[in-house]
$ cat input_33.txt   # compact mmCIF, C-alpha atoms
# COMPACT_ATOMS: atom_id res chain seq x y z
CA MET A 963 210.23 107.50 26.46
CA SER A 964 206.87 108.41 27.93
CA GLY A 965 206.65 107.73 31.62
CA VAL A 966 210.14 106.22 31.87
CA GLY A 967 212.70 108.46 30.18
CA PHE A 968 213.30 112.03 31.18
CA GLY A 969 215.11 114.97 29.62
CA ILE A 970 218.50 116.34 30.49
CA GLY A 971 218.29 118.55 33.55
CA GLN A 972 214.85 117.27 34.60
CA ARG A 973 214.45 115.59 37.94
CA PRO A 974 212.76 112.18 37.99
CA VAL A 975 209.13 112.62 38.95
CA ASN A 976 208.00 109.04 39.42
CA ARG A 977 209.33 105.69 40.58
CA LYS A 978 210.24 104.41 37.11
CA GLN A 979 212.30 107.48 36.31
CA ARG A 980 214.13 107.22 39.65
CA VAL A 981 214.94 103.58 38.90
CA VAL A 982 216.23 104.51 35.42
CA LYS A 983 218.46 107.25 36.80
CA SER A 984 219.72 104.96 39.57
CA LEU A 985 220.58 102.25 37.03
CA TRP A 986 222.27 104.77 34.72
CA THR A 987 224.33 106.10 37.62
CA GLY A 988 225.06 102.68 39.09
CA ILE A 989 226.11 101.00 35.86
CA TRP A 990 229.51 102.69 36.14
CA LEU A 991 230.09 100.89 39.43
CA VAL A 992 231.08 97.86 37.36
CA TYR A 993 234.65 99.20 37.50
CA LEU A 994 234.68 98.34 41.19
CA GLY A 995 235.34 94.75 40.11
CA ALA A 996 238.97 94.97 41.30
CA PRO A 997 238.10 95.73 44.95
CA VAL A 998 235.33 93.11 44.92
CA SER A 999 237.71 90.51 43.47
CA ASP A 1000 240.25 91.43 46.13
CA LEU A 1001 237.72 90.83 48.90
CA LEU A 1002 236.69 87.49 47.39
CA HIS A 1003 240.06 86.11 46.37
CA GLY A 1004 242.67 88.30 48.04
CA GLY A 1005 243.37 85.94 50.91
CA HIS A 1006 242.23 88.39 53.61
CA SER A 1007 241.01 87.20 56.99
CA THR A 1008 237.31 87.06 57.75
CA GLY A 1009 237.41 90.20 59.89
CA VAL A 1010 239.24 92.17 57.21
CA ARG A 1011 236.74 91.02 54.60
CA ILE A 1012 233.81 92.15 56.72
CA LEU A 1013 235.38 95.54 57.32
CA GLY A 1014 236.27 95.77 53.62
CA TRP A 1015 232.69 95.04 52.53
CA LEU A 1016 231.36 97.59 55.01
CA GLY A 1017 233.84 100.20 53.79
CA LEU A 1018 233.00 99.55 50.14
CA ALA A 1019 229.26 99.69 50.82
CA ALA A 1020 229.67 102.99 52.69
CA PHE A 1021 231.75 104.44 49.84
CA VAL A 1022 229.22 103.41 47.17
CA ALA A 1023 226.26 104.73 49.18
CA TRP A 1024 227.95 108.08 49.79
CA TYR A 1025 228.98 108.35 46.15
CA MET A 1026 225.48 107.54 44.85
CA VAL A 1027 223.84 110.07 47.15
CA LEU A 1028 226.29 112.77 46.11
CA VAL A 1029 225.95 112.14 42.36
CA PHE A 1030 222.19 111.46 42.45
CA ARG A 1031 221.49 114.79 44.12
CA THR A 1032 223.76 116.78 41.80
CA GLY A 1033 222.20 120.07 40.73
CA ARG A 1034 219.68 120.39 43.58
CA GLY A 1035 221.22 123.58 44.89
CA GLU A 1036 223.30 122.25 47.78
CA ARG A 1037 225.91 124.61 49.12
CA ASN A 1038 229.42 124.04 47.83
CA GLY A 1039 230.72 123.64 51.37
CA LEU A 1040 228.48 120.62 51.92
CA VAL A 1041 229.60 119.09 48.63
CA LEU A 1042 233.26 119.68 49.48
CA GLY A 1043 232.74 117.98 52.83
CA SER A 1044 231.14 114.98 51.13
CA LEU A 1045 234.03 114.74 48.68
CA GLY A 1046 236.45 114.90 51.59
CA VAL A 1047 234.68 111.92 53.18
CA LEU A 1048 234.95 109.99 49.89
CA ALA A 1049 238.66 110.83 49.59
CA ALA A 1050 239.29 109.76 53.18
CA GLN A 1051 237.48 106.46 52.65
CA SER A 1052 239.47 105.81 49.46
CA THR A 1053 242.78 106.56 51.18
CA LEU A 1054 242.00 104.37 54.18
CA LEU A 1055 240.81 101.41 52.10
CA ALA A 1056 243.73 101.62 49.65
CA LEU A 1057 246.37 101.85 52.39
CA THR A 1058 244.92 98.97 54.40
CA LEU A 1059 243.74 96.59 51.68
CA GLY A 1060 246.10 97.17 48.77
CA ARG A 1061 246.54 98.58 45.28
CA GLU A 1062 243.25 97.17 43.92
CA TRP A 1063 241.42 99.85 45.91
CA LEU A 1064 243.14 102.74 44.15
CA VAL A 1065 240.28 102.74 41.63
CA LEU A 1066 238.11 104.48 44.24
CA PHE A 1067 239.98 107.73 43.55
CA VAL A 1068 238.58 107.71 39.98
CA TYR A 1069 235.08 107.93 41.48
CA VAL A 1070 236.20 110.76 43.74
CA SER A 1071 237.41 112.70 40.70
CA ILE A 1072 234.21 112.02 38.74
CA ALA A 1073 232.06 113.06 41.70
CA SER A 1074 234.06 116.31 41.90
CA GLY A 1075 233.31 117.13 38.29
CA ALA A 1076 229.64 116.24 38.63
CA ALA A 1077 228.88 118.00 41.91
CA LEU A 1078 231.02 121.15 41.85
CA PRO A 1079 231.07 124.18 39.54
CA LEU A 1080 233.98 124.38 37.12
CA ARG A 1081 235.75 127.14 39.07
CA MET A 1082 236.12 124.69 41.98
CA ALA A 1083 236.29 121.39 40.10
CA ARG A 1084 239.37 122.55 38.18
CA TRP A 1085 241.20 122.38 41.53
CA THR A 1086 239.52 119.39 43.20
CA ILE A 1087 239.98 117.04 40.22
CA PRO A 1088 243.79 117.55 40.06
CA GLY A 1089 243.80 117.34 43.86
CA ALA A 1090 242.12 113.93 43.74
CA CYS A 1091 244.63 112.81 41.11
CA ALA A 1092 247.52 114.08 43.25
CA LEU A 1093 246.18 112.15 46.23
CA LEU A 1094 245.83 109.07 44.03
CA THR A 1095 249.51 109.41 43.01
CA ALA A 1096 250.69 109.81 46.58
CA VAL A 1097 248.74 106.79 47.84
CA ALA A 1098 249.82 104.70 44.83
CA PHE A 1099 253.46 105.17 45.78
CA ALA A 1100 252.62 104.41 49.41
CA VAL A 1101 251.03 101.00 48.85
CA PRO A 1102 253.06 97.98 47.70
CA ASP A 1103 253.37 97.83 43.90
CA GLY A 1104 250.77 100.61 43.60
CA HIS A 1105 252.73 102.55 41.00
CA SER A 1106 252.04 99.80 38.45
CA TYR A 1107 248.32 100.74 38.61
CA LEU A 1108 248.96 104.48 38.47
CA ALA A 1109 249.14 104.92 34.68
CA GLY A 1110 245.88 102.99 34.16
CA LEU A 1111 244.00 105.07 36.74
CA LEU A 1112 245.42 108.58 36.48
CA ILE A 1113 244.22 109.28 32.93
CA PRO A 1114 240.64 107.99 33.54
CA ALA A 1115 240.50 110.08 36.72
CA LEU A 1116 241.51 113.27 34.90
CA LEU A 1117 239.43 112.70 31.77
CA GLY A 1118 236.40 111.41 33.66
CA GLY A 1119 236.43 114.30 36.11
CA PHE A 1120 236.69 117.04 33.49
CA ALA A 1121 234.19 115.24 31.24
CA MET A 1122 231.66 115.41 34.07
CA THR A 1123 232.20 119.16 34.34
CA GLY A 1124 231.07 119.38 30.72
CA VAL A 1125 228.02 117.27 31.48
CA ARG A 1126 227.20 119.49 34.45
CA GLU A 1127 227.43 122.63 32.29
CA LEU A 1128 225.23 120.97 29.66
CA VAL A 1129 222.61 120.22 32.31
CA ARG A 1130 222.71 123.80 33.60
CA THR A 1131 222.44 125.19 30.07
CA THR A 1132 219.50 122.92 29.31
CA ILE A 1133 217.71 124.00 32.47
CA ALA A 1134 218.32 127.67 31.65
CA LEU A 1135 217.05 127.14 28.09
CA ARG A 1136 213.92 125.41 29.35
CA GLU A 1137 213.24 128.26 31.75
CA ALA A 1138 213.85 130.80 29.00
CA ARG A 1139 211.37 129.04 26.74
CA ALA A 1140 208.76 129.09 29.48
CA THR A 1141 209.39 132.81 29.97
CA VAL A 1142 209.09 133.50 26.25
CA ALA A 1143 205.84 131.55 26.11
CA GLN A 1144 204.48 133.55 29.04
CA LEU A 1145 205.49 136.82 27.42
CA ALA A 1146 203.89 135.76 24.16
CA ALA A 1147 200.65 134.93 25.98
CA ASN A 1148 200.70 138.32 27.71
CA GLU A 1149 201.33 140.08 24.40
CA GLU A 1150 198.42 138.21 22.84
CA ARG A 1151 196.15 139.31 25.68
CA LEU A 1152 197.25 142.92 25.19
CA ARG A 1153 196.63 142.65 21.45
CA LEU A 1154 193.17 141.25 22.07
CA ALA A 1155 192.45 144.06 24.51
CA ARG A 1156 193.61 146.68 21.99
CA ASP A 1157 191.56 145.17 19.17
CA LEU A 1158 188.42 144.98 21.30
CA HIS A 1159 188.96 148.57 22.38
CA ASP A 1160 189.31 149.66 18.76
CA LEU A 1161 186.21 147.69 17.79
CA LEU A 1162 183.95 148.71 20.66
CA GLY A 1163 185.32 152.07 21.78
CA HIS A 1164 183.80 154.09 18.93
CA SER A 1165 180.56 152.09 18.86
CA LEU A 1166 179.94 152.37 22.60
CA SER A 1167 180.76 156.07 22.56
CA LEU A 1168 178.29 156.59 19.73
CA ILE A 1169 175.64 154.55 21.53
CA THR A 1170 176.14 156.62 24.67
CA LEU A 1171 175.90 159.90 22.75
CA LYS A 1172 172.77 158.91 20.83
CA SER A 1173 171.16 157.61 24.02
CA GLU A 1174 171.65 161.00 25.64
CA LEU A 1175 170.23 162.76 22.54
CA ALA A 1176 167.23 160.44 22.47
CA GLY A 1177 166.60 161.12 26.14
CA ARG A 1178 166.59 164.90 25.56
CA MET A 1179 164.45 164.68 22.41
CA LEU A 1180 161.87 162.28 23.81
CA PRO A 1181 159.53 164.79 25.54
CA GLY A 1182 159.23 167.33 22.69
CA ARG A 1183 160.45 165.55 19.56
CA PRO A 1184 159.43 161.90 19.75
CA ASP A 1185 159.97 161.27 16.01
CA GLU A 1186 163.59 162.39 16.14
CA ALA A 1187 164.09 160.41 19.37
CA ALA A 1188 162.78 157.30 17.61
CA GLN A 1189 165.29 157.86 14.82
CA GLN A 1190 168.09 158.06 17.39
CA VAL A 1191 166.91 154.79 18.96
CA ALA A 1192 166.92 153.16 15.52
CA ASP A 1193 170.48 154.37 14.99
CA ILE A 1194 171.43 152.94 18.38
CA GLU A 1195 170.00 149.56 17.37
CA GLN A 1196 171.93 149.60 14.08
CA VAL A 1197 175.22 150.52 15.76
CA SER A 1198 174.70 147.86 18.43
CA ARG A 1199 174.07 145.17 15.84
CA GLN A 1200 177.14 146.19 13.85
CA ALA A 1201 179.27 146.14 17.01
CA LEU A 1202 178.01 142.64 17.80
CA VAL A 1203 178.92 141.47 14.29
CA ASP A 1204 182.39 143.00 14.61
CA VAL A 1205 183.01 141.28 17.95
CA ARG A 1206 181.85 137.90 16.62
CA GLU A 1207 184.12 138.19 13.59
CA ALA A 1208 187.06 139.17 15.78
CA VAL A 1209 186.51 136.30 18.21
CA THR A 1210 186.08 133.85 15.32
CA GLY A 1211 189.38 135.03 13.87
CA TYR A 1212 191.14 134.53 17.21
CA ARG A 1213 189.70 131.07 17.73
CA ARG A 1214 190.22 129.82 14.18
CA PRO A 1215 193.38 127.68 14.04
CA ARG A 1216 195.63 127.55 10.99
CA LEU A 1217 197.06 124.37 9.54
CA HIS A 1218 200.62 125.73 9.35
CA GLY A 1219 200.56 126.64 13.03
CA GLU A 1220 198.97 123.36 14.09
CA LEU A 1221 201.60 121.34 12.19
CA ALA A 1222 204.37 123.24 13.97
CA GLY A 1223 202.63 122.81 17.32
CA ALA A 1224 202.09 119.10 16.66
CA ARG A 1225 205.79 118.60 15.96
CA VAL A 1226 206.73 120.29 19.23
CA ALA A 1227 204.11 118.40 21.27
CA LEU A 1228 205.00 114.98 19.85
CA THR A 1229 208.73 115.53 20.28
CA ALA A 1230 208.26 116.68 23.88
CA ALA A 1231 206.21 113.54 24.60
CA GLY A 1232 208.97 111.29 23.24
CA VAL A 1233 206.97 110.32 20.12
CA THR A 1234 208.80 110.03 16.80
CA ALA A 1235 206.93 112.40 14.48
CA ALA A 1236 206.72 112.26 10.68
CA LEU A 1237 204.92 115.38 9.44
CA PRO A 1238 204.70 117.27 6.13
CA ASP A 1239 206.83 120.39 5.91
CA GLU A 1240 204.93 123.10 4.03
CA PRO A 1241 201.36 122.21 3.03
CA ASP A 1242 200.00 123.67 -0.20
CA LEU A 1243 196.65 125.24 0.71
CA ASP A 1244 195.86 126.88 -2.63
CA GLY A 1245 192.16 126.65 -3.30
CA VAL A 1246 191.33 125.42 0.21
CA PRO A 1247 188.54 127.48 1.79
CA GLU A 1248 189.31 129.08 5.12
CA GLU A 1249 186.57 127.10 6.84
CA SER A 1250 187.92 123.82 5.46
CA GLU A 1251 191.46 124.64 6.58
CA SER A 1252 190.19 125.50 10.05
CA ALA A 1253 188.29 122.20 10.29
CA LEU A 1254 191.42 120.23 9.33
CA ALA A 1255 193.47 122.20 11.84
CA TRP A 1256 191.00 121.29 14.60
CA ALA A 1257 191.16 117.64 13.52
CA LEU A 1258 194.97 117.66 13.66
CA ARG A 1259 194.95 119.29 17.09
CA GLU A 1260 192.48 116.76 18.51
CA ALA A 1261 194.33 113.78 17.02
CA VAL A 1262 197.74 114.89 18.30
CA THR A 1263 196.28 115.62 21.73
CA ASN A 1264 194.92 112.08 21.88
CA VAL A 1265 198.28 110.62 20.80
CA VAL A 1266 200.18 112.58 23.43
CA ARG A 1267 197.77 112.03 26.32
CA HIS A 1268 196.21 108.65 25.79
CA SER A 1269 197.93 106.44 23.23
CA GLY A 1270 201.33 105.57 24.68
CA ALA A 1271 202.51 105.34 21.07
CA ARG A 1272 206.14 105.62 20.02
CA ARG A 1273 205.55 106.90 16.46
CA CYS A 1274 203.01 109.19 14.84
CA THR A 1275 202.66 109.82 11.10
CA VAL A 1276 200.77 112.79 9.67
CA GLU A 1277 199.99 112.93 5.94
CA LEU A 1278 198.27 115.69 3.98
CA LEU A 1279 197.19 114.66 0.47
CA ARG A 1280 195.03 116.05 -2.32
CA ARG A 1281 192.69 113.44 -3.79
CA GLN A 1282 190.03 113.31 -6.46
CA THR A 1283 186.76 111.73 -5.35
CA LEU A 1284 183.34 111.26 -6.94
CA ASP A 1285 182.19 114.38 -5.11
CA GLY A 1286 185.12 116.46 -6.33
CA PRO A 1287 188.66 117.30 -5.16
CA VAL A 1288 189.34 116.98 -1.45
CA LEU A 1289 192.22 117.63 0.94
CA GLU A 1290 192.78 114.57 3.14
CA LEU A 1291 194.48 114.60 6.55
CA THR A 1292 195.62 111.26 7.99
CA VAL A 1293 196.98 110.90 11.52
CA GLU A 1294 198.18 107.43 12.49
CA ASP A 1295 199.96 106.39 15.65
CA LYS A 1296 201.87 103.14 15.99
CA LEU A 1297 202.76 101.18 19.08
CA THR A 1298 205.97 99.24 19.56
CA VAL A 1299 205.88 95.49 20.09
CA GLU A 1300 206.08 95.80 23.87
CA ASP A 1301 203.32 98.42 23.86
CA ASN A 1302 200.78 96.32 21.94
CA GLY A 1303 197.66 95.89 23.96
CA SER A 1304 197.90 99.19 25.77
CA GLY A 1305 195.48 100.94 23.44
CA GLY A 1306 195.72 103.52 20.72
CA ALA A 1307 194.96 107.18 20.58
CA GLY A 1308 191.36 106.51 21.13
CA THR A 1309 189.21 103.43 21.28
CA GLY A 1310 185.80 104.96 21.00
CA GLN A 1311 183.80 107.90 19.68
CA GLY A 1312 184.39 110.38 22.49
CA ASN A 1313 183.24 113.96 22.75
CA GLY A 1314 186.31 115.20 20.89
CA LEU A 1315 185.63 113.05 17.81
CA ALA A 1316 181.95 113.93 17.93
CA GLY A 1317 182.82 117.64 17.92
CA LEU A 1318 185.25 117.10 15.02
CA THR A 1319 182.55 115.30 13.03
CA GLU A 1320 180.25 118.29 13.47
CA ARG A 1321 182.96 120.76 12.40
CA LEU A 1322 183.90 118.75 9.32
CA THR A 1323 180.27 118.20 8.36
CA LYS A 1324 179.67 121.94 8.58
CA ALA A 1325 182.64 122.49 6.24
CA GLY A 1326 181.31 119.82 3.85
CA GLY A 1327 183.87 117.22 4.89
CA THR A 1328 183.93 113.79 6.53
CA LEU A 1329 185.72 112.05 9.37
CA GLU A 1330 186.83 108.43 9.74
CA ALA A 1331 188.47 107.15 12.92
CA GLY A 1332 189.14 103.73 14.32
CA PRO A 1333 191.70 101.39 15.88
CA LEU A 1334 194.30 99.52 13.87
CA ARG A 1335 196.17 96.34 14.67
CA SER A 1336 199.01 98.34 16.19
CA GLY A 1337 197.58 101.78 16.84
CA PHE A 1338 194.85 104.20 15.79
CA ARG A 1339 194.06 106.10 12.60
CA LEU A 1340 192.09 109.29 11.99
CA VAL A 1341 191.23 110.46 8.46
CA ALA A 1342 189.61 113.85 7.87
CA ARG A 1343 188.58 115.15 4.41
CA VAL A 1344 187.41 118.58 3.31
CA PRO A 1345 186.46 119.84 -0.17
CA THR A 1346 188.81 122.08 -2.11
CA ALA A 1347 188.26 124.51 -4.93
CA GLY A 1348 191.43 123.64 -6.86
CA PRO A 1349 192.39 120.59 -8.92
CA ALA A 1350 193.57 117.47 -7.14
CA ASP A 1351 196.62 115.35 -7.87
CA VAL A 1352 195.72 111.86 -6.71
CA GLY A 1353 198.04 110.70 -3.98
CA SER A 1354 200.38 113.69 -4.18
CA PRO A 1355 201.59 115.11 -0.87
CA ALA A 1356 200.26 118.57 -0.16

$ encode --input "input_33.txt" --output "structure tokens"
Amino acid sequence: MSGVGFGIGQRPVNRKQRVVKSLWTGIWLVYLGAPVSDLLHGGHSTGVRILGWLGLAAFVAWYMVLVFRTGRGERNGLVLGSLGVLAAQSTLLALTLGREWLVLFVYVSIASGAALPLRMARWTIPGACALLTAVAFAVPDGHSYLAGLLIPALLGGFAMTGVRELVRTTIALREARATVAQLAANEERLRLARDLHDLLGHSLSLITLKSELAGRMLPGRPDEAAQQVADIEQVSRQALVDVREAVTGYRRPRLHGELAGARVALTAAGVTAALPDEPDLDGVPEESESALAWALREAVTNVVRHSGARRCTVELLRRQTLDGPVLELTVEDKLTVEDNGSGGAGTGQGNGLAGLTERLTKAGGTLEAGPLRSGFRLVARVPTAGPADVGSPA
């Protein structure tokens, strides 16, 4: 969810995300009902109850801090010391207050799996279970609780080691993706540099050579020098055309690539995306395809940055109109019930939509955009050279 949810392995970056993580971590504290019931109805004296509440509060606070900060690079020695404190608190409370407090050892085991690497947790989790067994036989009638607590302690502890490894793998994968993206950008820069060198290297060398010739011919052979200057002008103009065509090719987006990028962007923003798989672009001029690609990019950018929508639908259809066959792109975002009133992808004709209108008009197309009852819709149309099947998905 945008602004509230966060991915596996990502630290909360705002107050809402911290609250969500705290609630998700704290919901498992419901199993502390046995110690709480013992303090309320166990027949302890007032002093014992006060000390019991203080001990339970200290245990919960220490446990939450340890689990909440899991994965932040603390040294294993510090984590082991914290787990030792939790184990000591559990032992003291169970021995002094009774068998209901044996459940604290389950949290010690789970914290071991969450906060320690597997090479250490495979020893600390059985150690916590062994301590649980020893204390259970030390407290009156504690062995009757042992079977119900030992299995959750073992399974919960080792399950958390799997969750920890999943978090570490996700973080490594996210870093690897960032590295690959950076390498791809560097490779694209190198390719651009090579192409510009190939385009301009010969032309600039020729211009330099002819300039030197013209300079030497100018005093005695002005007619030949003028011819050299004319050649220089022709080469310069051709080089300028080549550069413009190259830059236009680099800047011109493709619909296949924009659809793939839109899927990634919407998914990363927590928006449920419904997009066509492989568009059929037969008969679609390159300029028309580029205009639709720009429209898709602008619409998806608005959905991700401004709409707060939970669902986005992209349709690509061939239609027959009075002016001939067209390829129609529709981008519609929808808000959930609780999001109604927060605005759609855009509520006015901003600079982005104005620029899209100009691009589509230049390609012979049209643009329609406006708010809906529960979102925002953008419809872009461009002419095609092929026949149209009314309403058929591209």

$ residues_near_point --input "input_33.txt" --point "(202.9, 121.0, 15.3)" --cutoff "10 Å" --atoms "only C-alpha atoms" --output "PyMOL selection string"
chain A and resi 1217-1229+1235+1237+1258-1259+1262

$ write_last_selection --input "input_33.txt" --atoms "C-alpha atoms" --output "PDB file, in the coordinates of the input"
ATOM      1  CA  LEU A1217     197.060 124.370   9.540  1.00  0.00           C
ATOM      2  CA  HIS A1218     200.620 125.730   9.350  1.00  0.00           C
ATOM      3  CA  GLY A1219     200.560 126.640  13.030  1.00  0.00           C
ATOM      4  CA  GLU A1220     198.970 123.360  14.090  1.00  0.00           C
ATOM      5  CA  LEU A1221     201.600 121.340  12.190  1.00  0.00           C
ATOM      6  CA  ALA A1222     204.370 123.240  13.970  1.00  0.00           C
ATOM      7  CA  GLY A1223     202.630 122.810  17.320  1.00  0.00           C
ATOM      8  CA  ALA A1224     202.090 119.100  16.660  1.00  0.00           C
ATOM      9  CA  ARG A1225     205.790 118.600  15.960  1.00  0.00           C
ATOM     10  CA  VAL A1226     206.730 120.290  19.230  1.00  0.00           C
ATOM     11  CA  ALA A1227     204.110 118.400  21.270  1.00  0.00           C
ATOM     12  CA  LEU A1228     205.000 114.980  19.850  1.00  0.00           C
ATOM     13  CA  THR A1229     208.730 115.530  20.280  1.00  0.00           C
ATOM     14  CA  ALA A1235     206.930 112.400  14.480  1.00  0.00           C
ATOM     15  CA  LEU A1237     204.920 115.380   9.440  1.00  0.00           C
ATOM     16  CA  LEU A1258     194.970 117.660  13.660  1.00  0.00           C
ATOM     17  CA  ARG A1259     194.950 119.290  17.090  1.00  0.00           C
ATOM     18  CA  VAL A1262     197.740 114.890  18.300  1.00  0.00           C
TER      19      VAL A1262
END

$ closest_residue --input "input_33.txt" --among "A:Ser1074, A:Val1010, A:Ser1052, A:Ala1155" --to "Asn1038 of chain A" --atoms "only C-alpha atoms"
A:Ser1074

$ closest_residue --input "input_33.txt" --among "A:Arg1281, A:Arg1335, A:Arg1156, A:Arg1084" --to "Gly1124 of chain A" --atoms "all atoms listed in the file"
A:Arg1084

$ atom_distance --input "input_33.txt" --atom1 "atom CA of Ala1347 of chain A" --atom2 "atom CA of Asp1204 of chain A"
27.5 Å

$ residues_near_point --input "input_33.txt" --point "(193.5, 109.7, 8.7)" --cutoff "8 Å" --atoms "all atoms listed in the file" --output "PyMOL selection string"
chain A and resi 1276-1277+1290-1294+1330-1331+1339-1342
